[in-house]
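Below: the structure, in structure tokens.
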Amino acid sequence: MSGGDEKSPKEKAESMDKIAREIFKEAYPKIADKIINTTKIKSGKCIDAGCGPGMLGISLGKKTSLFIDLLDISEDSGEICTKNLKSENLTDKCRFVLGDVMQMPFEDNYADLVVSRGSIFFWENLGKAFSEILRVLKPGGVAFIGGGFGSAKIEEDIVKKMAKEYPEWRKSEKKGKKTTIKRRLKIVKALLEEEIPYESICDESGFWIILRKKNEIIIEIVREREAGTDFIF
Ligand SMILES: C[S@@+](CC[C@H](N)C(=O)[O-])C[C@H]1O[C@@H](n2cnc3c(N)ncnc32)[C@H](O)[C@@H]1O
């Protein structure tokens with residue numbers, strides 16, 4: 001800890017756990033539904049990148065037959081996440097993995113689905129993180145990454161509770177909105193710079209980027225077209 005009111009990494013992880021299990025509680029199942037409805041992926045392997053205490057992965061684990069790797073760079077979050085997985089009886093289908101989203105400890109073409117909520121804003125090199133996500137996705141796999149609270153009603157309740165219990169969280173709505181726009185633009189800029197095709201959702205559920213890893217056959221057709229050697233089509 002450096003300053004008087006600066007939190008240690010352990011205190012930060014504990015605080016996120018308390019907020020996630022109490023104030024943000026309603027958001028995770030709602031976001032999990034949005035992910036399932038959008039991606040239609042309910043089985044196979046999933047990575048929850050920047051999982052923190054693990055609530056999004058836990059909600060997905062309860063609603064699907066996915067095997068979920070909950071990845072976070074923080075060891076303190078890892079201890080809390082493992083405790084939460086045990087208390088939810090999910091250790092047979094979910095596990096915590098320590099790692100950086102920019103260098104994930106997974107082989108190429110590993111996951112059917114990569115999800116992430118509220119973590120992207122902390123990733124130092126967005127371009128590197130996106131290419132790493134595409135590396136670990138299987139051809140045909142989908143990533144659903146961003147931030148939000150699932151619905152306007154849930155967000156309204158959360159903002160009220162946070163303003164009461166953690167007034168430093170969003171000093172003013174105006175400042176909060178400006179920060180939100182800047183963060184979103186930074187994400188889109190990184191995708192454009194890396195020439196990564198993406199879809200985005202910006203609705204009451206939040207702001208989400210969807211990346212789809214193409215099947216090898218489609219990549220090959222595009223390559224042949226570019227080279228002018230596709231005699232079949
Ligand atoms: C605001 S918390 C969100 C936690 C959780 N996804 C949620 O919605 O409750 C952000 C998390 O991202 C993690 N994180 C930040 N940078 C990361 C990185 N480069 N790789 C993996 N995790 C990272 C932090 O350790 C923290 O647990």
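If you're wondering about the labels, chains in the structure tokens are A, B, ... by order shown, residues count from 1 in each chain, ligands from 1 in order shown.
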Could you give me, as JSON lines, every chain A residue with an atom at most 6 Å from ligand 1, plus its closest atom pair and distance in Å to one decimal, counting only C-alpha atoms and all ligand atoms, rows ordered by chain then number?
```
{"residue": "A:Ala20", "atom": "CA", "partner": "ligand 1", "partner_atom_place_in_ligand_line": "9 (O)", "distance": 5.4}
{"residue": "A:Ala49", "atom": "CA", "partner": "ligand 1", "partner_atom_place_in_ligand_line": "21 (C)", "distance": 5.9}
{"residue": "A:Gly50", "atom": "CA", "partner": "ligand 1", "partner_atom_place_in_ligand_line": "22 (N)", "distance": 3.5}
{"residue": "A:Cys51", "atom": "CA", "partner": "ligand 1", "partner_atom_place_in_ligand_line": "6 (N)", "distance": 4.0}
{"residue": "A:Gly52", "atom": "CA", "partner": "ligand 1", "partner_atom_place_in_ligand_line": "27 (O)", "distance": 3.4}
{"residue": "A:Met55", "atom": "CA", "partner": "ligand 1", "partner_atom_place_in_ligand_line": "9 (O)", "distance": 5.8}
{"residue": "A:Asp72", "atom": "CA", "partner": "ligand 1", "partner_atom_place_in_ligand_line": "22 (N)", "distance": 3.9}
{"residue": "A:Ile73", "atom": "CA", "partner": "ligand 1", "partner_atom_place_in_ligand_line": "21 (C)", "distance": 4.1}
{"residue": "A:Ser74", "atom": "CA", "partner": "ligand 1", "partner_atom_place_in_ligand_line": "25 (O)", "distance": 4.7}
{"residue": "A:Ser77", "atom": "CA", "partner": "ligand 1", "partner_atom_place_in_ligand_line": "27 (O)", "distance": 5.9}
{"residue": "A:Gly99", "atom": "CA", "partner": "ligand 1", "partner_atom_place_in_ligand_line": "21 (C)", "distance": 5.9}
{"residue": "A:Asp100", "atom": "CA", "partner": "ligand 1", "partner_atom_place_in_ligand_line": "20 (N)", "distance": 3.6}
{"residue": "A:Val101", "atom": "CA", "partner": "ligand 1", "partner_atom_place_in_ligand_line": "20 (N)", "distance": 3.9}
{"residue": "A:Met102", "atom": "CA", "partner": "ligand 1", "partner_atom_place_in_ligand_line": "19 (N)", "distance": 5.9}
{"residue": "A:Ser116", "atom": "CA", "partner": "ligand 1", "partner_atom_place_in_ligand_line": "6 (N)", "distance": 5.9}
{"residue": "A:Arg117", "atom": "CA", "partner": "ligand 1", "partner_atom_place_in_ligand_line": "6 (N)", "distance": 4.5}
{"residue": "A:Gly118", "atom": "CA", "partner": "ligand 1", "partner_atom_place_in_ligand_line": "3 (C)", "distance": 4.5}
{"residue": "A:Ser119", "atom": "CA", "partner": "ligand 1", "partner_atom_place_in_ligand_line": "12 (O)", "distance": 4.0}
{"residue": "A:Phe122", "atom": "CA", "partner": "ligand 1", "partner_atom_place_in_ligand_line": "16 (N)", "distance": 4.9}
{"residue": "A:Trp123", "atom": "CA", "partner": "ligand 1", "partner_atom_place_in_ligand_line": "19 (N)", "distance": 4.9}
```
Convert the current residue selection to file output with N, CA and C atoms, as a PDB file, in the first residue's frame.
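What follows is the written file result-v6.pdb:
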```pdb
ATOM      1  N   ALA A  20     -19.666  -7.573  -6.040  1.00  0.00           N
ATOM      2  CA  ALA A  20     -20.218  -8.510  -7.035  1.00  0.00           C
ATOM      3  C   ALA A  20     -21.305  -9.386  -6.414  1.00  0.00           C
ATOM      4  N   ALA A  49     -12.477 -14.140 -19.024  1.00  0.00           N
ATOM      5  CA  ALA A  49     -11.198 -13.422 -18.914  1.00  0.00           C
ATOM      6  C   ALA A  49     -11.327 -12.202 -18.002  1.00  0.00           C
ATOM      7  N   GLY A  50     -10.482 -12.159 -16.975  1.00  0.00           N
ATOM      8  CA  GLY A  50     -10.573 -11.082 -15.977  1.00  0.00           C
ATOM      9  C   GLY A  50     -11.780 -11.340 -15.095  1.00  0.00           C
ATOM     10  N   CYS A  51     -11.853 -12.572 -14.595  1.00  0.00           N
ATOM     11  CA  CYS A  51     -13.073 -13.054 -13.913  1.00  0.00           C
ATOM     12  C   CYS A  51     -13.314 -12.414 -12.551  1.00  0.00           C
ATOM     13  N   GLY A  52     -12.255 -11.873 -11.911  1.00  0.00           N
ATOM     14  CA  GLY A  52     -12.423 -11.356 -10.551  1.00  0.00           C
ATOM     15  C   GLY A  52     -12.964 -12.446  -9.645  1.00  0.00           C
ATOM     16  N   MET A  55     -18.211 -14.230 -10.797  1.00  0.00           N
ATOM     17  CA  MET A  55     -19.679 -14.289 -10.861  1.00  0.00           C
ATOM     18  C   MET A  55     -20.258 -14.512 -12.258  1.00  0.00           C
ATOM     19  N   ASP A  72      -7.751 -14.900 -14.274  1.00  0.00           N
ATOM     20  CA  ASP A  72      -7.494 -13.540 -13.767  1.00  0.00           C
ATOM     21  C   ASP A  72      -6.009 -13.410 -13.455  1.00  0.00           C
ATOM     22  N   ILE A  73      -5.527 -12.163 -13.575  1.00  0.00           N
ATOM     23  CA  ILE A  73      -4.113 -11.870 -13.343  1.00  0.00           C
ATOM     24  C   ILE A  73      -3.804 -11.759 -11.845  1.00  0.00           C
ATOM     25  N   SER A  74      -4.855 -11.668 -11.027  1.00  0.00           N
ATOM     26  CA  SER A  74      -4.660 -11.447  -9.592  1.00  0.00           C
ATOM     27  C   SER A  74      -4.803 -12.742  -8.793  1.00  0.00           C
ATOM     28  N   SER A  77      -7.670 -12.489  -6.328  1.00  0.00           N
ATOM     29  CA  SER A  77      -8.973 -12.784  -6.942  1.00  0.00           C
ATOM     30  C   SER A  77      -9.121 -14.291  -7.117  1.00  0.00           C
ATOM     31  N   GLY A  99      -3.540 -15.982 -14.836  1.00  0.00           N
ATOM     32  CA  GLY A  99      -2.910 -15.598 -16.107  1.00  0.00           C
ATOM     33  C   GLY A  99      -3.347 -14.238 -16.602  1.00  0.00           C
ATOM     34  N   ASP A 100      -2.565 -13.752 -17.566  1.00  0.00           N
ATOM     35  CA  ASP A 100      -2.794 -12.447 -18.176  1.00  0.00           C
ATOM     36  C   ASP A 100      -3.545 -12.654 -19.488  1.00  0.00           C
ATOM     37  N   VAL A 101      -4.577 -11.848 -19.715  1.00  0.00           N
ATOM     38  CA  VAL A 101      -5.353 -11.984 -20.949  1.00  0.00           C
ATOM     39  C   VAL A 101      -4.468 -11.742 -22.185  1.00  0.00           C
ATOM     40  N   MET A 102      -3.359 -11.027 -21.993  1.00  0.00           N
ATOM     41  CA  MET A 102      -2.484 -10.741 -23.143  1.00  0.00           C
ATOM     42  C   MET A 102      -1.515 -11.885 -23.430  1.00  0.00           C
ATOM     43  N   SER A 116     -16.048 -11.813 -21.125  1.00  0.00           N
ATOM     44  CA  SER A 116     -15.354 -10.935 -20.200  1.00  0.00           C
ATOM     45  C   SER A 116     -16.246  -9.748 -19.877  1.00  0.00           C
ATOM     46  N   ARG A 117     -16.355  -9.438 -18.584  1.00  0.00           N
ATOM     47  CA  ARG A 117     -17.151  -8.270 -18.160  1.00  0.00           C
ATOM     48  C   ARG A 117     -16.343  -7.393 -17.207  1.00  0.00           C
ATOM     49  N   GLY A 118     -16.269  -6.116 -17.571  1.00  0.00           N
ATOM     50  CA  GLY A 118     -15.662  -5.142 -16.655  1.00  0.00           C
ATOM     51  C   GLY A 118     -14.156  -5.220 -16.530  1.00  0.00           C
ATOM     52  N   SER A 119     -13.503  -6.001 -17.367  1.00  0.00           N
ATOM     53  CA  SER A 119     -12.045  -6.164 -17.250  1.00  0.00           C
ATOM     54  C   SER A 119     -11.297  -5.461 -18.381  1.00  0.00           C
ATOM     55  N   PHE A 122      -9.087  -2.385 -18.182  1.00  0.00           N
ATOM     56  CA  PHE A 122      -7.802  -2.439 -17.482  1.00  0.00           C
ATOM     57  C   PHE A 122      -6.702  -3.048 -18.356  1.00  0.00           C
ATOM     58  N   TRP A 123      -7.051  -3.537 -19.541  1.00  0.00           N
ATOM     59  CA  TRP A 123      -6.051  -4.213 -20.372  1.00  0.00           C
ATOM     60  C   TRP A 123      -5.122  -3.183 -21.003  1.00  0.00           C
TER      61      TRP A 123
END
```
Using DSSP on the backbone coordinates, identify the residues of segment 56-107 of chain A assigned to helix (DSSP H, G or I); present them as a VMD selection string.
-> chain A and resid 56 to 63 75 to 87
Write a file of the just-selected residues containing N, CA, C and O atoms, as a CSV table (one decimal), in the first residue's frame.
```csv
chain,number,residue,atom,x,y,z
A,56,LEU,N,-19.6,-14.0,-13.3
A,56,LEU,CA,-20.2,-14.2,-14.7
A,56,LEU,C,-20.0,-15.6,-15.1
A,56,LEU,O,-20.9,-16.3,-15.5
A,57,GLY,N,-18.7,-16.2,-14.8
A,57,GLY,CA,-18.5,-17.6,-15.1
A,57,GLY,C,-19.4,-18.5,-14.3
A,57,GLY,O,-19.9,-19.5,-14.9
A,58,ILE,N,-19.7,-18.1,-13.1
A,58,ILE,CA,-20.6,-19.0,-12.2
A,58,ILE,C,-22.0,-19.0,-12.8
A,58,ILE,O,-22.6,-20.0,-12.9
A,59,SER,N,-22.4,-17.8,-13.2
A,59,SER,CA,-23.8,-17.7,-13.8
A,59,SER,C,-23.9,-18.6,-15.1
A,59,SER,O,-24.8,-19.3,-15.3
A,60,LEU,N,-22.8,-18.5,-15.9
A,60,LEU,CA,-22.8,-19.3,-17.2
A,60,LEU,C,-22.7,-20.7,-16.9
A,60,LEU,O,-23.4,-21.6,-17.5
A,61,GLY,N,-21.9,-21.1,-15.8
A,61,GLY,CA,-21.8,-22.5,-15.4
A,61,GLY,C,-23.1,-23.1,-15.0
A,61,GLY,O,-23.4,-24.2,-15.3
A,62,LYS,N,-23.9,-22.3,-14.3
A,62,LYS,CA,-25.2,-22.7,-13.8
A,62,LYS,C,-26.3,-22.9,-15.0
A,62,LYS,O,-27.2,-23.7,-14.9
A,63,LYS,N,-26.1,-22.1,-16.0
A,63,LYS,CA,-27.1,-22.1,-17.1
A,63,LYS,C,-26.8,-22.9,-18.3
A,63,LYS,O,-27.6,-23.1,-19.2
A,75,GLU,N,-3.7,-13.0,-8.0
A,75,GLU,CA,-3.8,-14.2,-7.2
A,75,GLU,C,-4.8,-14.1,-6.1
A,75,GLU,O,-5.5,-15.1,-5.7
A,76,ASP,N,-5.0,-12.9,-5.6
A,76,ASP,CA,-6.0,-12.7,-4.5
A,76,ASP,C,-7.4,-12.9,-5.1
A,76,ASP,O,-8.2,-13.6,-4.4
A,77,SER,N,-7.7,-12.5,-6.3
A,77,SER,CA,-9.0,-12.8,-6.9
A,77,SER,C,-9.1,-14.3,-7.1
A,77,SER,O,-10.2,-14.8,-7.0
A,78,GLY,N,-8.0,-15.0,-7.4
A,78,GLY,CA,-8.0,-16.4,-7.6
A,78,GLY,C,-8.5,-17.1,-6.4
A,78,GLY,O,-9.3,-18.1,-6.5
A,79,GLU,N,-8.0,-16.7,-5.2
A,79,GLU,CA,-8.3,-17.4,-4.0
A,79,GLU,C,-9.8,-17.2,-3.7
A,79,GLU,O,-10.5,-18.1,-3.3
A,80,ILE,N,-10.3,-16.0,-3.9
A,80,ILE,CA,-11.7,-15.7,-3.7
A,80,ILE,C,-12.6,-16.4,-4.7
A,80,ILE,O,-13.6,-17.0,-4.3
A,81,CYS,N,-12.2,-16.4,-6.0
A,81,CYS,CA,-12.9,-17.1,-7.0
A,81,CYS,C,-13.0,-18.6,-6.7
A,81,CYS,O,-14.1,-19.2,-6.8
A,82,THR,N,-11.9,-19.2,-6.3
A,82,THR,CA,-12.0,-20.7,-6.0
A,82,THR,C,-12.9,-20.9,-4.8
A,82,THR,O,-13.7,-21.9,-4.8
A,83,LYS,N,-12.9,-20.0,-3.8
A,83,LYS,CA,-13.8,-20.2,-2.7
A,83,LYS,C,-15.3,-20.1,-3.2
A,83,LYS,O,-16.1,-20.9,-2.8
A,84,ASN,N,-15.5,-19.1,-4.1
A,84,ASN,CA,-16.9,-19.0,-4.6
A,84,ASN,C,-17.3,-20.2,-5.4
A,84,ASN,O,-18.5,-20.6,-5.3
A,85,LEU,N,-16.4,-20.8,-6.2
A,85,LEU,CA,-16.8,-22.0,-7.0
A,85,LEU,C,-17.1,-23.1,-6.1
A,85,LEU,O,-18.0,-23.9,-6.3
A,86,LYS,N,-16.4,-23.2,-4.9
A,86,LYS,CA,-16.6,-24.3,-4.0
A,86,LYS,C,-18.0,-24.1,-3.3
A,86,LYS,O,-18.8,-25.1,-3.3
A,87,SER,N,-18.3,-22.9,-2.9
A,87,SER,CA,-19.6,-22.7,-2.2
A,87,SER,C,-20.8,-22.8,-3.2
A,87,SER,O,-21.9,-23.1,-2.7
```
Hey, what's within 12 Å of Arg183 of chain A if we count only C-alpha atoms and toss same-chain stuff fewer than 2 positions away? As an mmCIF file with all heavy atoms, in the first residue's frame, please?
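Full text of selection-v1.cif as output:
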```cif
data_model
loop_
_atom_site.group_PDB
_atom_site.id
_atom_site.type_symbol
_atom_site.label_atom_id
_atom_site.label_comp_id
_atom_site.auth_asym_id
_atom_site.auth_seq_id
_atom_site.Cartn_x
_atom_site.Cartn_y
_atom_site.Cartn_z
ATOM 1 N N GLY A 118 -16.269 -6.116 -17.571
ATOM 2 C CA GLY A 118 -15.662 -5.142 -16.655
ATOM 3 C C GLY A 118 -14.156 -5.220 -16.530
ATOM 4 O O GLY A 118 -13.577 -4.568 -15.665
ATOM 5 N N SER A 119 -13.503 -6.001 -17.367
ATOM 6 C CA SER A 119 -12.045 -6.164 -17.250
ATOM 7 C C SER A 119 -11.297 -5.461 -18.381
ATOM 8 O O SER A 119 -10.196 -4.949 -18.178
ATOM 9 C CB SER A 119 -11.696 -7.666 -17.247
ATOM 10 O OG SER A 119 -10.330 -7.853 -17.044
ATOM 11 N N ILE A 120 -11.905 -5.394 -19.556
ATOM 12 C CA ILE A 120 -11.256 -4.852 -20.760
ATOM 13 C C ILE A 120 -10.679 -3.448 -20.513
ATOM 14 O O ILE A 120 -9.649 -3.094 -21.065
ATOM 15 C CB ILE A 120 -12.250 -4.855 -21.958
ATOM 16 C CG1 ILE A 120 -11.521 -4.492 -23.253
ATOM 17 C CG2 ILE A 120 -13.454 -3.973 -21.728
ATOM 18 C CD1 ILE A 120 -12.346 -4.683 -24.510
ATOM 19 N N PHE A 121 -11.332 -2.682 -19.647
ATOM 20 C CA PHE A 121 -10.908 -1.298 -19.383
ATOM 21 C C PHE A 121 -9.555 -1.242 -18.664
ATOM 22 O O PHE A 121 -8.945 -0.192 -18.562
ATOM 23 C CB PHE A 121 -12.003 -0.571 -18.578
ATOM 24 C CG PHE A 121 -13.382 -0.815 -19.147
ATOM 25 C CD1 PHE A 121 -14.311 -1.607 -18.483
ATOM 26 C CD2 PHE A 121 -13.723 -0.284 -20.386
ATOM 27 C CE1 PHE A 121 -15.567 -1.864 -19.036
ATOM 28 C CE2 PHE A 121 -14.979 -0.533 -20.947
ATOM 29 C CZ PHE A 121 -15.902 -1.326 -20.268
ATOM 30 N N PHE A 122 -9.087 -2.385 -18.182
ATOM 31 C CA PHE A 122 -7.802 -2.439 -17.482
ATOM 32 C C PHE A 122 -6.702 -3.048 -18.356
ATOM 33 O O PHE A 122 -5.555 -3.108 -17.942
ATOM 34 C CB PHE A 122 -7.929 -3.280 -16.193
ATOM 35 C CG PHE A 122 -8.943 -2.740 -15.233
ATOM 36 C CD1 PHE A 122 -10.253 -3.209 -15.234
ATOM 37 C CD2 PHE A 122 -8.609 -1.721 -14.347
ATOM 38 C CE1 PHE A 122 -11.206 -2.702 -14.359
ATOM 39 C CE2 PHE A 122 -9.553 -1.206 -13.468
ATOM 40 C CZ PHE A 122 -10.847 -1.694 -13.474
ATOM 41 N N TRP A 123 -7.051 -3.537 -19.541
ATOM 42 C CA TRP A 123 -6.051 -4.213 -20.372
ATOM 43 C C TRP A 123 -5.122 -3.183 -21.003
ATOM 44 O O TRP A 123 -5.578 -2.263 -21.696
ATOM 45 C CB TRP A 123 -6.724 -5.063 -21.459
ATOM 46 C CG TRP A 123 -7.634 -6.130 -20.886
ATOM 47 C CD1 TRP A 123 -7.720 -6.530 -19.568
ATOM 48 C CD2 TRP A 123 -8.595 -6.926 -21.583
ATOM 49 N NE1 TRP A 123 -8.672 -7.513 -19.413
ATOM 50 C CE2 TRP A 123 -9.228 -7.773 -20.638
ATOM 51 C CE3 TRP A 123 -8.999 -7.015 -22.921
ATOM 52 C CZ2 TRP A 123 -10.216 -8.686 -20.980
ATOM 53 C CZ3 TRP A 123 -9.987 -7.923 -23.266
ATOM 54 C CH2 TRP A 123 -10.578 -8.758 -22.310
ATOM 55 N N LEU A 126 -4.693 -3.406 -25.840
ATOM 56 C CA LEU A 126 -5.945 -3.993 -26.331
ATOM 57 C C LEU A 126 -5.735 -4.835 -27.581
ATOM 58 O O LEU A 126 -6.306 -5.916 -27.722
ATOM 59 C CB LEU A 126 -6.954 -2.875 -26.620
ATOM 60 C CG LEU A 126 -7.607 -2.229 -25.402
ATOM 61 C CD1 LEU A 126 -8.386 -0.997 -25.806
ATOM 62 C CD2 LEU A 126 -8.525 -3.221 -24.706
ATOM 63 N N GLY A 146 -16.905 -6.978 -22.810
ATOM 64 C CA GLY A 146 -17.282 -5.577 -22.615
ATOM 65 C C GLY A 146 -17.635 -5.259 -21.185
ATOM 66 O O GLY A 146 -17.002 -5.763 -20.249
ATOM 67 N N GLY A 147 -18.648 -4.437 -21.042
ATOM 68 C CA GLY A 147 -19.047 -4.046 -19.701
ATOM 69 C C GLY A 147 -20.499 -3.615 -19.675
ATOM 70 O O GLY A 147 -21.035 -3.148 -20.680
ATOM 71 N N GLY A 176 -18.967 10.277 -15.284
ATOM 72 C CA GLY A 176 -19.094 8.853 -15.581
ATOM 73 C C GLY A 176 -19.358 8.621 -17.061
ATOM 74 O O GLY A 176 -18.735 7.785 -17.692
ATOM 75 N N LYS A 177 -20.262 9.422 -17.646
ATOM 76 C CA LYS A 177 -20.620 9.245 -19.059
ATOM 77 C C LYS A 177 -19.448 9.563 -19.972
ATOM 78 O O LYS A 177 -19.191 8.861 -20.933
ATOM 79 C CB LYS A 177 -21.823 10.126 -19.406
ATOM 80 C CG LYS A 177 -23.126 9.428 -19.066
ATOM 81 C CD LYS A 177 -24.326 10.206 -19.532
ATOM 82 C CE LYS A 177 -25.585 9.575 -18.940
ATOM 83 N NZ LYS A 177 -26.535 10.540 -18.466
ATOM 84 N N LYS A 178 -18.716 10.649 -19.636
ATOM 85 C CA LYS A 178 -17.567 11.038 -20.451
ATOM 86 C C LYS A 178 -16.519 9.933 -20.458
ATOM 87 O O LYS A 178 -15.989 9.559 -21.493
ATOM 88 C CB LYS A 178 -16.931 12.317 -19.867
ATOM 89 C CG LYS A 178 -17.393 13.574 -20.539
ATOM 90 C CD LYS A 178 -16.497 14.719 -20.112
ATOM 91 C CE LYS A 178 -17.142 16.045 -20.449
ATOM 92 N NZ LYS A 178 -16.542 17.139 -19.703
ATOM 93 N N THR A 179 -16.253 9.372 -19.283
ATOM 94 C CA THR A 179 -15.268 8.289 -19.166
ATOM 95 C C THR A 179 -15.725 7.090 -19.992
ATOM 96 O O THR A 179 -14.940 6.466 -20.700
ATOM 97 C CB THR A 179 -15.126 7.880 -17.677
ATOM 98 O OG1 THR A 179 -14.992 9.055 -16.924
ATOM 99 C CG2 THR A 179 -13.950 6.967 -17.448
ATOM 100 N N THR A 180 -17.017 6.783 -19.920
ATOM 101 C CA THR A 180 -17.573 5.647 -20.646
ATOM 102 C C THR A 180 -17.340 5.816 -22.151
ATOM 103 O O THR A 180 -16.889 4.884 -22.824
ATOM 104 C CB THR A 180 -19.097 5.539 -20.360
ATOM 105 O OG1 THR A 180 -19.259 5.463 -18.967
ATOM 106 C CG2 THR A 180 -19.715 4.350 -21.019
ATOM 107 N N ILE A 181 -17.630 7.004 -22.686
ATOM 108 C CA ILE A 181 -17.469 7.229 -24.126
ATOM 109 C C ILE A 181 -15.996 7.088 -24.531
ATOM 110 O O ILE A 181 -15.672 6.417 -25.506
ATOM 111 C CB ILE A 181 -18.047 8.612 -24.526
ATOM 112 C CG1 ILE A 181 -19.564 8.580 -24.361
ATOM 113 C CG2 ILE A 181 -17.675 8.986 -25.960
ATOM 114 C CD1 ILE A 181 -20.231 9.931 -24.373
ATOM 115 N N LEU A 185 -14.459 4.343 -27.201
ATOM 116 C CA LEU A 185 -13.743 4.771 -28.409
ATOM 117 C C LEU A 185 -12.363 4.118 -28.492
ATOM 118 O O LEU A 185 -11.902 3.723 -29.554
ATOM 119 C CB LEU A 185 -13.591 6.298 -28.431
ATOM 120 C CG LEU A 185 -14.858 7.068 -28.815
ATOM 121 C CD1 LEU A 185 -14.643 8.559 -28.640
ATOM 122 C CD2 LEU A 185 -15.289 6.765 -30.245
ATOM 123 N N LYS A 186 -11.709 4.001 -27.336
ATOM 124 C CA LYS A 186 -10.367 3.391 -27.285
ATOM 125 C C LYS A 186 -10.432 1.917 -27.767
ATOM 126 O O LYS A 186 -9.563 1.456 -28.504
ATOM 127 C CB LYS A 186 -9.869 3.458 -25.835
ATOM 128 C CG LYS A 186 -8.386 3.249 -25.694
ATOM 129 C CD LYS A 186 -7.977 3.459 -24.243
ATOM 130 C CE LYS A 186 -6.732 2.660 -23.980
ATOM 131 N NZ LYS A 186 -6.495 2.408 -22.566
ATOM 132 N N ILE A 187 -11.479 1.238 -27.369
ATOM 133 C CA ILE A 187 -11.645 -0.169 -27.751
ATOM 134 C C ILE A 187 -11.857 -0.286 -29.263
ATOM 135 O O ILE A 187 -11.196 -1.075 -29.946
ATOM 136 C CB ILE A 187 -12.834 -0.808 -26.978
ATOM 137 C CG1 ILE A 187 -12.507 -0.868 -25.490
ATOM 138 C CG2 ILE A 187 -13.169 -2.190 -27.521
ATOM 139 C CD1 ILE A 187 -13.699 -1.153 -24.591
ATOM 140 N N VAL A 188 -12.757 0.547 -29.800
ATOM 141 C CA VAL A 188 -13.063 0.502 -31.233
ATOM 142 C C VAL A 188 -11.817 0.885 -32.045
ATOM 143 O O VAL A 188 -11.509 0.260 -33.065
ATOM 144 C CB VAL A 188 -14.274 1.418 -31.551
ATOM 145 C CG1 VAL A 188 -14.487 1.556 -33.040
ATOM 146 C CG2 VAL A 188 -15.530 0.872 -30.882
ATOM 147 N N LYS A 189 -11.070 1.883 -31.562
ATOM 148 C CA LYS A 189 -9.850 2.324 -32.247
ATOM 149 C C LYS A 189 -8.842 1.158 -32.340
ATOM 150 O O LYS A 189 -8.256 0.916 -33.397
ATOM 151 C CB LYS A 189 -9.242 3.494 -31.465
ATOM 152 C CG LYS A 189 -8.185 4.247 -32.214
ATOM 153 C CD LYS A 189 -7.847 5.554 -31.478
ATOM 154 C CE LYS A 189 -6.576 6.133 -32.036
ATOM 155 N NZ LYS A 189 -5.400 5.925 -31.211
ATOM 156 N N ALA A 190 -8.694 0.442 -31.239
ATOM 157 C CA ALA A 190 -7.741 -0.690 -31.227
ATOM 158 C C ALA A 190 -8.169 -1.755 -32.231
ATOM 159 O O ALA A 190 -7.331 -2.317 -32.954
ATOM 160 C CB ALA A 190 -7.646 -1.281 -29.827
ATOM 161 N N PHE A 207 -22.171 -2.372 -23.157
ATOM 162 C CA PHE A 207 -21.396 -2.205 -24.393
ATOM 163 C C PHE A 207 -20.550 -3.454 -24.576
ATOM 164 O O PHE A 207 -19.711 -3.781 -23.719
ATOM 165 C CB PHE A 207 -20.494 -0.964 -24.292
ATOM 166 C CG PHE A 207 -19.607 -0.771 -25.484
ATOM 167 C CD1 PHE A 207 -20.137 -0.392 -26.708
ATOM 168 C CD2 PHE A 207 -18.236 -0.974 -25.387
ATOM 169 C CE1 PHE A 207 -19.318 -0.214 -27.815
ATOM 170 C CE2 PHE A 207 -17.407 -0.789 -26.491
ATOM 171 C CZ PHE A 207 -17.955 -0.406 -27.700
#
```
Out of A:Asp48, A:Glu11, A:Glu193, A:Glu6, which residue has the shortest atom-to-atom distance to Arg95 of chain A when counting only C-alpha atoms?
-> A:Asp48
Kindly indicate which residue among A:Lys34, A:Lys161, A:Lys93, A:Arg212 lies nearest to Leu113 of chain A, using only C-alpha atoms for the distances.
->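 Smallest distance to Leu113 of chain A is found for A:Arg212.
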Excluding Ile47 of chain A and residues on its chain fewer than 4 positions from it, collect all residues at most 7 Å away from it, counting only C-alpha atoms, and give them as a list in words.
->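 Those residues are Ile68, Asp69, Leu70, Leu71, Ala111, Leu113, Val114 and Val115 of chain A.
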For the residues in that selection, give me N, CA and C atoms as a PDB file, in the first residue's frame.
```pdb
ATOM      1  N   ILE A  68     -15.841 -24.165 -17.718  1.00  0.00           N
ATOM      2  CA  ILE A  68     -15.379 -22.774 -17.677  1.00  0.00           C
ATOM      3  C   ILE A  68     -14.045 -22.605 -16.964  1.00  0.00           C
ATOM      4  N   ASP A  69     -13.087 -21.990 -17.690  1.00  0.00           N
ATOM      5  CA  ASP A  69     -11.822 -21.572 -17.103  1.00  0.00           C
ATOM      6  C   ASP A  69     -11.987 -20.123 -16.710  1.00  0.00           C
ATOM      7  N   LEU A  70     -11.901 -19.839 -15.410  1.00  0.00           N
ATOM      8  CA  LEU A  70     -12.029 -18.450 -14.937  1.00  0.00           C
ATOM      9  C   LEU A  70     -10.625 -17.901 -14.764  1.00  0.00           C
ATOM     10  N   LEU A  71     -10.251 -16.989 -15.652  1.00  0.00           N
ATOM     11  CA  LEU A  71      -8.873 -16.489 -15.703  1.00  0.00           C
ATOM     12  C   LEU A  71      -8.763 -15.080 -15.119  1.00  0.00           C
ATOM     13  N   ALA A 111     -10.837 -22.663 -27.034  1.00  0.00           N
ATOM     14  CA  ALA A 111     -12.162 -22.362 -26.458  1.00  0.00           C
ATOM     15  C   ALA A 111     -13.245 -22.129 -27.506  1.00  0.00           C
ATOM     16  N   LEU A 113     -15.929 -20.392 -26.523  1.00  0.00           N
ATOM     17  CA  LEU A 113     -16.477 -19.100 -26.125  1.00  0.00           C
ATOM     18  C   LEU A 113     -15.496 -18.402 -25.176  1.00  0.00           C
ATOM     19  N   VAL A 114     -15.262 -17.109 -25.414  1.00  0.00           N
ATOM     20  CA  VAL A 114     -14.511 -16.288 -24.453  1.00  0.00           C
ATOM     21  C   VAL A 114     -15.439 -15.161 -24.025  1.00  0.00           C
ATOM     22  N   VAL A 115     -15.623 -15.008 -22.714  1.00  0.00           N
ATOM     23  CA  VAL A 115     -16.458 -13.908 -22.219  1.00  0.00           C
ATOM     24  C   VAL A 115     -15.631 -13.042 -21.281  1.00  0.00           C
TER      25      VAL A 115
END
```
